[in-house]
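As stored in protein.cif (mmCIF, C-alpha atoms):
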data_final
#
loop_
_atom_site.label_atom_id
_atom_site.label_comp_id
_atom_site.auth_asym_id
_atom_site.auth_seq_id
_atom_site.Cartn_x
_atom_site.Cartn_y
_atom_site.Cartn_z
CA MET A 71 109.10 83.14 120.62
CA THR A 72 107.29 84.38 117.53
CA VAL A 73 106.58 82.68 114.25
CA PRO A 74 108.28 82.66 111.84
CA THR A 75 111.66 82.37 113.48
CA LEU A 76 114.99 81.64 111.84
CA TRP A 77 116.91 79.69 114.47
CA ASP A 78 120.63 78.91 114.57
CA ARG A 79 120.92 75.38 115.96
CA GLU A 80 124.63 75.64 116.60
CA THR A 81 124.55 78.83 118.68
CA LYS A 82 121.01 78.16 119.92
CA THR A 83 119.92 81.72 119.16
CA VAL A 84 117.31 83.48 117.10
CA VAL A 85 118.84 84.81 113.91
CA ASN A 86 115.73 86.71 112.87
CA ASN A 87 111.97 86.70 113.43
CA GLU A 88 110.86 89.22 110.80
CA SER A 89 109.16 87.36 107.94
CA SER A 90 110.02 89.95 105.29
CA GLU A 91 113.72 89.66 106.15
CA ILE A 92 113.68 85.87 106.48
CA ILE A 93 112.19 85.40 103.02
CA ARG A 94 115.00 87.51 101.54
CA MET A 95 117.62 85.55 103.46
CA LEU A 96 116.18 82.24 102.30
CA ASN A 97 116.17 83.51 98.72
CA SER A 98 119.90 84.28 98.61
CA GLU A 99 121.91 83.58 101.77
CA PHE A 100 121.50 79.80 101.61
CA ASP A 101 122.23 79.30 97.92
CA GLU A 102 125.04 76.89 98.83
CA TRP A 103 122.38 74.43 100.05
CA GLY A 104 119.38 75.33 97.90
CA ASP A 105 118.12 75.59 94.35
CA THR A 106 119.87 78.64 92.87
CA SER A 107 117.72 78.48 89.74
CA LEU A 108 114.84 79.85 91.81
CA ASP A 109 115.14 83.56 92.49
CA ILE A 110 112.02 85.18 93.90
CA TYR A 111 113.70 88.58 94.21
CA PRO A 112 115.37 89.15 90.82
CA GLU A 113 117.21 92.47 90.62
CA ASN A 114 115.37 93.60 87.48
CA LEU A 115 112.02 93.33 89.32
CA SER A 116 113.14 94.53 92.76
CA ASP A 117 111.48 97.96 92.50
CA GLU A 118 108.15 96.42 91.43
CA ILE A 119 108.37 93.72 94.11
CA ASP A 120 109.06 96.35 96.78
CA ARG A 121 106.12 98.48 95.56
CA ASN A 122 103.81 95.48 95.80
CA ASN A 123 105.09 94.54 99.25
CA ASP A 124 104.57 98.15 100.36
CA MET A 125 100.99 97.92 99.10
CA VAL A 126 100.10 94.50 100.53
CA TYR A 127 101.57 94.94 104.01
CA PRO A 128 99.45 97.90 105.22
CA GLY A 129 96.40 96.62 103.34
CA PRO A 130 95.34 93.01 103.72
CA ASN A 131 98.44 91.81 105.57
CA ASN A 132 98.38 94.14 108.58
CA GLY A 133 95.07 95.91 107.98
CA VAL A 134 93.09 92.83 108.95
CA TYR A 135 94.72 92.85 112.38
CA GLN A 136 94.05 96.56 112.75
CA SER A 137 90.39 95.99 111.95
CA GLY A 138 90.11 92.93 114.18
CA PHE A 139 91.62 94.69 117.17
CA ALA A 140 90.17 98.15 116.53
CA ARG A 141 88.91 99.88 119.65
CA THR A 142 86.66 102.34 117.83
CA GLN A 143 84.26 102.10 114.92
CA GLU A 144 86.27 104.76 113.11
CA ALA A 145 89.51 102.78 113.42
CA TYR A 146 87.73 99.62 112.26
CA GLU A 147 86.23 101.34 109.21
CA GLU A 148 89.55 102.91 108.27
CA ALA A 149 91.35 99.57 108.46
CA VAL A 150 88.65 97.64 106.59
CA THR A 151 88.56 100.28 103.86
CA ARG A 152 92.35 99.99 103.46
CA VAL A 153 92.10 96.17 103.26
CA PHE A 154 89.46 96.18 100.53
CA ASP A 155 90.96 99.10 98.60
CA THR A 156 94.17 97.09 98.41
CA LEU A 157 92.36 93.90 97.39
CA ASP A 158 90.60 95.93 94.66
CA THR A 159 93.98 97.23 93.48
CA MET A 160 95.46 93.73 93.45
CA GLU A 161 92.44 92.49 91.49
CA GLY A 162 93.09 95.21 88.91
CA ILE A 163 96.78 94.35 88.61
CA LEU A 164 95.96 90.67 88.17
CA SER A 165 93.42 91.50 85.46
CA ARG A 166 96.33 92.81 83.35
CA GLN A 167 99.13 90.41 84.23
CA ARG A 168 99.56 86.95 85.67
CA TYR A 169 101.48 87.88 88.83
CA LEU A 170 101.87 91.02 90.91
CA ALA A 171 105.26 91.98 89.46
CA GLY A 172 104.68 90.70 85.93
CA ALA A 173 105.10 87.37 84.20
CA GLN A 174 106.84 85.35 86.93
CA THR A 175 106.23 84.55 90.57
CA THR A 176 108.22 86.68 92.96
CA GLU A 177 108.53 87.35 96.66
CA ALA A 178 105.56 89.72 96.37
CA ASP A 179 103.32 86.88 95.22
CA TRP A 180 104.32 84.53 98.01
CA ARG A 181 103.87 87.19 100.66
CA ALA A 182 100.46 88.06 99.22
CA PHE A 183 99.52 84.38 98.97
CA ALA A 184 100.08 83.82 102.68
CA THR A 185 97.78 86.74 103.42
CA LEU A 186 95.11 85.54 100.99
CA VAL A 187 95.10 82.01 102.43
CA HIS A 188 94.82 83.48 105.91
CA PHE A 189 91.94 85.67 104.70
CA TYR A 190 89.81 82.64 103.87
CA GLN A 191 90.07 81.12 107.33
CA VAL A 192 90.56 84.01 109.72
CA SER A 193 90.29 87.55 108.42
CA HIS A 194 86.86 87.31 106.84
CA SER A 195 85.10 86.00 109.93
CA LEU A 196 87.24 86.46 113.03
CA PHE A 197 88.54 89.94 112.14
CA LYS A 198 85.25 90.96 110.52
CA CYS A 199 86.79 91.88 107.18
CA ASN A 200 83.64 90.61 105.52
CA LYS A 201 82.78 93.28 102.98
CA LYS A 202 83.71 90.72 100.30
CA ARG A 203 85.19 87.24 100.12
CA ILE A 204 88.29 86.40 98.13
CA SER A 205 86.01 84.28 95.95
CA ASP A 206 84.23 87.52 94.98
CA TYR A 207 87.43 88.58 93.23
CA CYS A 208 87.78 86.49 90.08
CA ASN A 209 91.47 87.27 89.49
CA LEU A 210 92.56 86.99 93.12
CA LEU A 211 90.75 83.68 93.43
CA ASN A 212 92.38 82.21 90.31
CA TYR A 213 95.76 83.63 91.35
CA SER A 214 95.45 82.05 94.81
CA ARG A 215 94.44 78.72 93.29
CA GLU A 216 97.38 78.77 90.90
CA LEU A 217 99.92 79.54 93.63
CA TYR A 218 98.37 76.85 95.84
CA GLN A 219 99.10 74.29 93.13
CA TYR A 220 102.85 74.96 93.04
CA PRO A 221 104.78 71.86 94.15
CA GLY A 222 105.02 71.68 97.94
CA ILE A 223 102.72 74.61 98.66
CA ALA A 224 99.50 72.73 99.42
CA ASP A 225 101.38 70.68 102.02
CA THR A 226 102.18 73.85 103.95
CA VAL A 227 98.64 75.25 104.01
#
Mind converting the file's structure to structure tokens?
Amino acid sequence: MTVPTLWDRETKTVVNNESSEIIRMLNSEFDEWGDTSLDIYPENLSDEIDRNNDMVYPGPNNGVYQSGFARTQEAYEEAVTRVFDTLDTMEGILSRQRYLAGAQTTEADWRAFATLVHFYQVSHSLFKCNKKRISDYCNLLNYSRELYQYPGIADTV
């Protein structure tokens, strides 16, 4: 079984194991049991959220794995370049606005946050994505620290 996994206890089956789909399901499909005042995928920001997700996934999210498991120097350099180009882009976005999609936290921020937290512990050393540290990016560092301080988040890291 992979992580994350959305599991149906009644039918004892996997509902889904794709994190990008699970986060959307948790945002809307369980409103009957959750806090409906929190919407991390508001319709008016959906295009911007999707653009950010499309940027973060091939860059630091998946690119670190491609660099860590690269079989050639060329593949490694291509992946590492993509990772740090994306981190540079994110740094630029966060120099102009508080969150990736604007003035409020969205799905894009939480998906990026998971990648940034992982970067500290794994990607920089184990996957040799060590051109820079997250702490070398003033805006990404402050952004990560702010998201970390949201209620309940530190307990999950």
Quick one: of A:Phe154, A:Tyr207, A:Trp103, A:Phe197, who's nearest to Val126 of chain A, counting all atoms listed in the file?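 Nearest to Val126 of chain A: A:Phe154.
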Residue by residue, what does the PyMOL selection byres ((chain A and resi 204) around 10) grab here? Present the result as a CSV table (one decimal) with C-alpha atoms, in the coordinates of the input.
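Result file is selection_36.csv:
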chain,number,residue,atom,x,y,z
A,157,LEU,CA,92.4,93.9,97.4
A,161,GLU,CA,92.4,92.5,91.5
A,186,LEU,CA,95.1,85.5,101.0
A,187,VAL,CA,95.1,82.0,102.4
A,189,PHE,CA,91.9,85.7,104.7
A,190,TYR,CA,89.8,82.6,103.9
A,194,HIS,CA,86.9,87.3,106.8
A,200,ASN,CA,83.6,90.6,105.5
A,202,LYS,CA,83.7,90.7,100.3
A,203,ARG,CA,85.2,87.2,100.1
A,205,SER,CA,86.0,84.3,96.0
A,206,ASP,CA,84.2,87.5,95.0
A,207,TYR,CA,87.4,88.6,93.2
A,208,CYS,CA,87.8,86.5,90.1
A,209,ASN,CA,91.5,87.3,89.5
A,210,LEU,CA,92.6,87.0,93.1
A,211,LEU,CA,90.8,83.7,93.4
A,212,ASN,CA,92.4,82.2,90.3
A,214,SER,CA,95.4,82.0,94.8
For the atom pair atom CA of Gly133 of chain A and atom CA of Asp120 of chain A, what is the interatomic distance in Å to one decimal place? 17.9 Å
Close residues, segment 171-181 of chain A itself excluded, 12 Å, all atoms listed in the file, min 5 positions apart in chain, as number ranges by chain: A: 89-98, 108-127, 130-132, 160, 163-166, 186-188, 210, 213-214, 216-218, 220, 223
Mind listing as a PyMOL selection string all residues within 12 Å of (119.5, 82.6, 114.8), counting only C-alpha atoms? chain A and resi 71+74-88+92+95
